[in-house]
Every structure is written in C-alpha cells, then in structure tokens.
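Student: Submitted below is the structure of interest, expressed as structure tokens.
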Amino acid sequence: MTLQQDRNFPGRLHGAHTRGGPAQSPRLRLKPEAPSAGTVDGAWWPRSRDLAAEIPDLVALVAIRVGVVERIVYDIKAWLPAPRRITVEGRSVHLDGYEYQPLNTLYVSGLKRTRLTLLVVPPEADARYADSTMHTAANPNSALTADELLMSGIRGGFDCTASVKGRGR
C-alpha cells in the first residue's frame with residue numbers, strides 16, 4: 001500500500017488502511033492513573049463515525065486501565081446508528097447512545113466499576129491537530145473541558161475545519 005497526499009485536506013494522507021489519518025498515528029492517550037485535574041481522563045481519535053467498527057480497537061486500547069469493558073455510553077447524534085450490544089473477544093459490550101450525552105465525549109465502564117471519560121477527537125480531524133489535542137487532554141494538569149480541549153488545537157495553529165463543520169450542530 002502506498003500513502004498519498006489528500007488533495008482536499010493538505011497534511012492528511014490516505015490509503016487503503018488509513019481511514020482518516022496515518023496508520024501509525026496513536027489513537028488513544030490517557031492521563032496517568034494518579035489523581036489529575038479536568039473532566040476527561042484522556043482522548044480517543046476514532047478512524048470513522050461507525051461506532052460498531054471502532055469499538056473493538058477501543059476496547060483493546062483501554063483494557064489495561066479498565067479491565068474488561070462492560071459498557072460504552074456515547075452521544076447518539078455523533079455516530080452512525082449502532083447496535084445495543086456488540087461482541088468483542090467473546091464478551092458482550094453494551095452500547096448506550098443518549099441524545100444528551102455531553103458532546104465530544106464517551107464513557108467507558110469496566111466490570112470492576114472502573115470508568116474513563118474520553119474526549120472524542122472527530123475522525124475527520126487533521127493528524128497534527130488530533131495529536132496536539134490528545135496530548136493536551138492527557139496532560140495530568142489539564143483542567144480543560146471537552147470543548148476547550150477541541151478549541152486548544154485550533155489555537156495551536158492546526159486545521160480542524162473539517163471536524164468543526166462536520167459536526168452539523
């Protein structure tokens with residue numbers, strides 16, 4: 001597979017396996033487990049708005065922190081229609097979509113009552129913007145809200161116009 005520059009989005013590469021960004025880009029950054037500031041525990045940059053397709057990767061990435069994932073609560077308006085349950089590695093994961101879930105976030109709950117609140121970086125975001133935003137969200141001293149975190153990448157000079165316009169809100 002060869003990666004090519006996307007003419008519509010300078011700085012974004014595309015190819016058979018990129019689905020919205022370079023394949024080697026980290027997709028999850030978490031704050032350290034020690035007590036930290038802020039409303040989110042880190043940030044996740046999915047490759048698409050197809051939650052059912054994205055969940056297996058997310059479950060694998062957060063397993064070290066929450067253990068077995070039991071439930072994911074998400075903003076139903078931000079994703080394509082998803083089933084109420086999905087099987088990941090032989091285990092059932094409940095997908096609960098709510099209309100009033102805080103924008104740009106999702107909750108991941110484990111069987112042992114562990115929970116993460118993750119900022120969701122729009123899949124349409126430029127890789128540099130997404131990386132910058134995820135680093136800021138994972139900073140243990142960052143007390144920014146989800147909206148402030150998303151705006152911090154814009155202030156940092158990264159192009160997020162596709163993700164801001166793509167929200168339709």
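How things are named: the first chain in the structure tokens is A, the next is B, and so on; residues count from 1 in each chain; ligands count from 1 in the order shown.
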For Gly110 (chain A), work out the shell of residues within 9 Å, counting only C-alpha atoms and skipping chain neighbours fewer than 3 positions away, then give it as a compact mmCIF listing (two decimals) with N, CA and C atoms, in the first residue's frame.

Tutor:
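Output file around.txt follows:
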# COMPACT_ATOMS: atom_id res chain seq x y z
N ALA A 63 -8.24 -1.64 27.82
CA ALA A 63 -8.29 -2.80 28.71
C ALA A 63 -7.26 -2.73 29.83
N ARG A 65 -6.40 -0.25 31.50
CA ARG A 65 -6.85 0.68 32.53
C ARG A 65 -8.16 0.25 33.19
N VAL A 66 -9.13 -0.20 32.40
CA VAL A 66 -10.45 -0.52 32.97
C VAL A 66 -10.71 -2.02 33.06
N GLY A 67 -9.83 -2.82 32.53
CA GLY A 67 -10.06 -4.27 32.52
C GLY A 67 -11.08 -4.61 31.45
N VAL A 68 -11.94 -5.56 31.75
CA VAL A 68 -12.97 -5.99 30.81
C VAL A 68 -14.00 -4.87 30.66
N VAL A 69 -14.21 -4.42 29.44
CA VAL A 69 -15.17 -3.34 29.18
C VAL A 69 -16.58 -3.91 29.14
N GLU A 70 -17.46 -3.31 29.93
CA GLU A 70 -18.84 -3.76 30.03
C GLU A 70 -19.79 -2.86 29.25
N ARG A 71 -19.53 -1.54 29.27
CA ARG A 71 -20.49 -0.58 28.73
C ARG A 71 -19.77 0.63 28.18
N ARG A 113 -16.23 -1.71 38.03
CA ARG A 113 -16.70 -0.36 38.36
C ARG A 113 -15.67 0.73 38.05
N THR A 114 -14.79 0.45 37.14
CA THR A 114 -13.84 1.47 36.69
C THR A 114 -14.47 2.20 35.52
N ARG A 115 -14.17 3.48 35.39
CA ARG A 115 -14.77 4.26 34.31
C ARG A 115 -13.78 5.30 33.79
N LEU A 116 -13.78 5.46 32.50
CA LEU A 116 -13.00 6.51 31.85
C LEU A 116 -13.95 7.44 31.12

Student: I want to know what sits within 7 Å of region 38-54 of chain A, based on only C-alpha atoms, with residues of the same chain fewer than 5 positions away left out; could you give that as a PyMOL selection string?

Tutor: chain A and resi 19-20+27-31+79-80+82+116-123+130+134+137-138+142-145

Student: Save the residues we just selected, C-alpha atoms, as a PDB file, in the first residue's frame?

Tutor:
ATOM      1  CA  ARG A  19      -9.324   5.536   7.276  1.00  0.00           C
ATOM      2  CA  GLY A  20      -8.915   9.214   8.093  1.00  0.00           C
ATOM      3  CA  ARG A  27      -5.365   6.848  18.581  1.00  0.00           C
ATOM      4  CA  LEU A  28      -5.626   6.985  22.388  1.00  0.00           C
ATOM      5  CA  ARG A  29      -3.824   8.998  25.034  1.00  0.00           C
ATOM      6  CA  LEU A  30      -4.679   8.707  28.728  1.00  0.00           C
ATOM      7  CA  LYS A  31      -3.742  10.733  31.779  1.00  0.00           C
ATOM      8  CA  TRP A  79     -22.223   8.413  15.417  1.00  0.00           C
ATOM      9  CA  LEU A  80     -23.824   6.263  12.755  1.00  0.00           C
ATOM     10  CA  ALA A  82     -25.089   1.276  16.266  1.00  0.00           C
ATOM     11  CA  LEU A 116     -12.999   6.507  31.846  1.00  0.00           C
ATOM     12  CA  THR A 117     -14.362   9.698  30.373  1.00  0.00           C
ATOM     13  CA  LEU A 118     -12.769  10.219  26.979  1.00  0.00           C
ATOM     14  CA  LEU A 119     -12.694  13.243  24.735  1.00  0.00           C
ATOM     15  CA  VAL A 120     -13.583  12.094  21.223  1.00  0.00           C
ATOM     16  CA  VAL A 121     -11.479  13.873  18.623  1.00  0.00           C
ATOM     17  CA  PRO A 122     -13.535  13.963  15.406  1.00  0.00           C
ATOM     18  CA  PRO A 123     -12.378  11.293  12.949  1.00  0.00           C
ATOM     19  CA  ALA A 130      -5.639  15.340  16.657  1.00  0.00           C
ATOM     20  CA  MET A 134      -4.844  14.275  22.537  1.00  0.00           C
ATOM     21  CA  ALA A 137      -6.170  16.051  27.052  1.00  0.00           C
ATOM     22  CA  ALA A 138      -3.702  13.510  28.515  1.00  0.00           C
ATOM     23  CA  SER A 142      -5.081  19.962  32.135  1.00  0.00           C
ATOM     24  CA  ALA A 143      -8.411  21.021  33.627  1.00  0.00           C
ATOM     25  CA  LEU A 144      -9.937  21.958  30.263  1.00  0.00           C
ATOM     26  CA  THR A 145     -13.432  20.817  29.276  1.00  0.00           C
TER      27      THR A 145
END

Student: Env of Ile72 (chain A): 7 Å cut, atoms = only C-alpha atoms, seq-sep filter 6 positions within chain, self excluded. Answer as a PDB file with N, CA and C atoms, in the first residue's frame.

Tutor:
ATOM      1  N   HIS A  94     -22.169  -3.470  26.103  1.00  0.00           N
ATOM      2  CA  HIS A  94     -23.388  -2.679  25.913  1.00  0.00           C
ATOM      3  C   HIS A  94     -23.002  -1.330  25.298  1.00  0.00           C
ATOM      4  N   LEU A  95     -23.695  -0.931  24.248  1.00  0.00           N
ATOM      5  CA  LEU A  95     -23.509   0.385  23.648  1.00  0.00           C
ATOM      6  C   LEU A  95     -24.757   1.190  23.936  1.00  0.00           C
ATOM      7  N   ASP A  96     -24.623   2.217  24.755  1.00  0.00           N
ATOM      8  CA  ASP A  96     -25.767   3.034  25.161  1.00  0.00           C
ATOM      9  C   ASP A  96     -25.631   4.430  24.587  1.00  0.00           C
ATOM     10  N   LEU A 106     -17.259  10.245  25.471  1.00  0.00           N
ATOM     11  CA  LEU A 106     -17.920   8.967  25.721  1.00  0.00           C
ATOM     12  C   LEU A 106     -17.368   8.409  27.016  1.00  0.00           C
ATOM     13  N   TYR A 107     -18.180   7.561  27.662  1.00  0.00           N
ATOM     14  CA  TYR A 107     -17.789   6.916  28.908  1.00  0.00           C
ATOM     15  C   TYR A 107     -17.543   5.449  28.626  1.00  0.00           C
ATOM     16  N   VAL A 108     -16.447   4.928  29.147  1.00  0.00           N
ATOM     17  CA  VAL A 108     -16.125   3.513  29.037  1.00  0.00           C
ATOM     18  C   VAL A 108     -16.123   2.953  30.458  1.00  0.00           C
ATOM     19  N   SER A 109     -16.977   1.951  30.702  1.00  0.00           N
ATOM     20  CA  SER A 109     -17.077   1.360  32.035  1.00  0.00           C
ATOM     21  C   SER A 109     -16.615  -0.083  32.007  1.00  0.00           C
TER      22      SER A 109
END

Student: What parts of region 59-111 of chain A does DSSP call alpha helix (DSSP H)? I'd like the answer as a compact mmCIF listing (two decimals) with C-alpha atoms, in the first residue's frame.

Tutor:
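Heads up, here's the output in states-v1.txt:
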# COMPACT_ATOMS: atom_id res chain seq x y z
CA VAL A 59 -11.79 -1.96 23.98
CA ALA A 60 -8.31 -3.36 23.32
CA LEU A 61 -6.67 0.01 23.98
CA VAL A 62 -8.43 0.75 27.30
CA ALA A 63 -8.29 -2.80 28.71
CA ILE A 64 -5.08 -2.11 30.62
CA ARG A 65 -6.85 0.68 32.53
CA VAL A 66 -10.45 -0.52 32.97

Student: Which parts of region 31-151 of chain A does DSSP call strand (DSSP E or B) when run on the backbone here, written out as a ChimeraX atom specification?

Tutor: /A:42-44,69-75,85-88,91-98,105-110,115-120

Student: Identify, on the basis of only C-alpha atoms, every residue whose closest approach to Asp147 (chain A) does not exceed 8 Å; exclude the query and any residue fewer than 3 positions from it along the same chain; express the result as a short mmCIF file (atom, residue, chain, number, x, y, z; two decimals) with N, CA, C and O atoms, in the first residue's frame.

Tutor:
data_model
loop_
_atom_site.label_atom_id
_atom_site.label_comp_id
_atom_site.auth_asym_id
_atom_site.auth_seq_id
_atom_site.Cartn_x
_atom_site.Cartn_y
_atom_site.Cartn_z
N LEU A 103 -21.38 16.48 24.61
CA LEU A 103 -20.79 16.48 23.27
C LEU A 103 -19.31 16.13 23.31
O LEU A 103 -18.60 16.50 24.25
N ASN A 104 -18.87 15.43 22.30
CA ASN A 104 -17.46 15.10 22.10
C ASN A 104 -16.87 14.23 23.21
O ASN A 104 -15.67 14.29 23.46
N LEU A 144 -9.06 21.46 31.31
CA LEU A 144 -9.94 21.96 30.26
C LEU A 144 -11.13 21.03 30.05
O LEU A 144 -11.02 19.81 30.21
N LEU A 150 -10.90 20.78 22.43
CA LEU A 150 -11.01 20.80 20.97
C LEU A 150 -10.61 22.16 20.40
O LEU A 150 -10.00 22.23 19.34
N MET A 151 -10.91 23.22 21.11
CA MET A 151 -10.51 24.55 20.65
C MET A 151 -9.02 24.79 20.84
O MET A 151 -8.42 25.57 20.11
#

Student: Take CA of Thr136 (chain A) and CA of Ala34 (chain A) and report the distance between them in Å, one decimal.

Tutor: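 Straight-line distance from CA of Thr136 (chain A) to CA of Ala34 (chain A) works out to 16.6 Å.
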
Student: Hey, can you check how far CA of Ala127 (chain A) sits from CA of Leu149 (chain A)?

Tutor: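 Interatomic distance here is 15.3 Å.
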
Student: If we count only C-alpha atoms, what is near Gln101 (chain A) at a cut-off of 9 Å, once residues fewer than 5 positions away on the same chain are taken out, given as a ChimeraX atom specification?

Tutor: /A:73-76,106

Student: Using only C-alpha atoms, which of the listed residues (A:Arg85, A:Ser92, A:Tyr98, A:Asn141) sits closest to Ala37 (chain A)?

Tutor: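 Looking only at the distances to Ala37 (chain A), the closest residue turns out to be A:Asn141.
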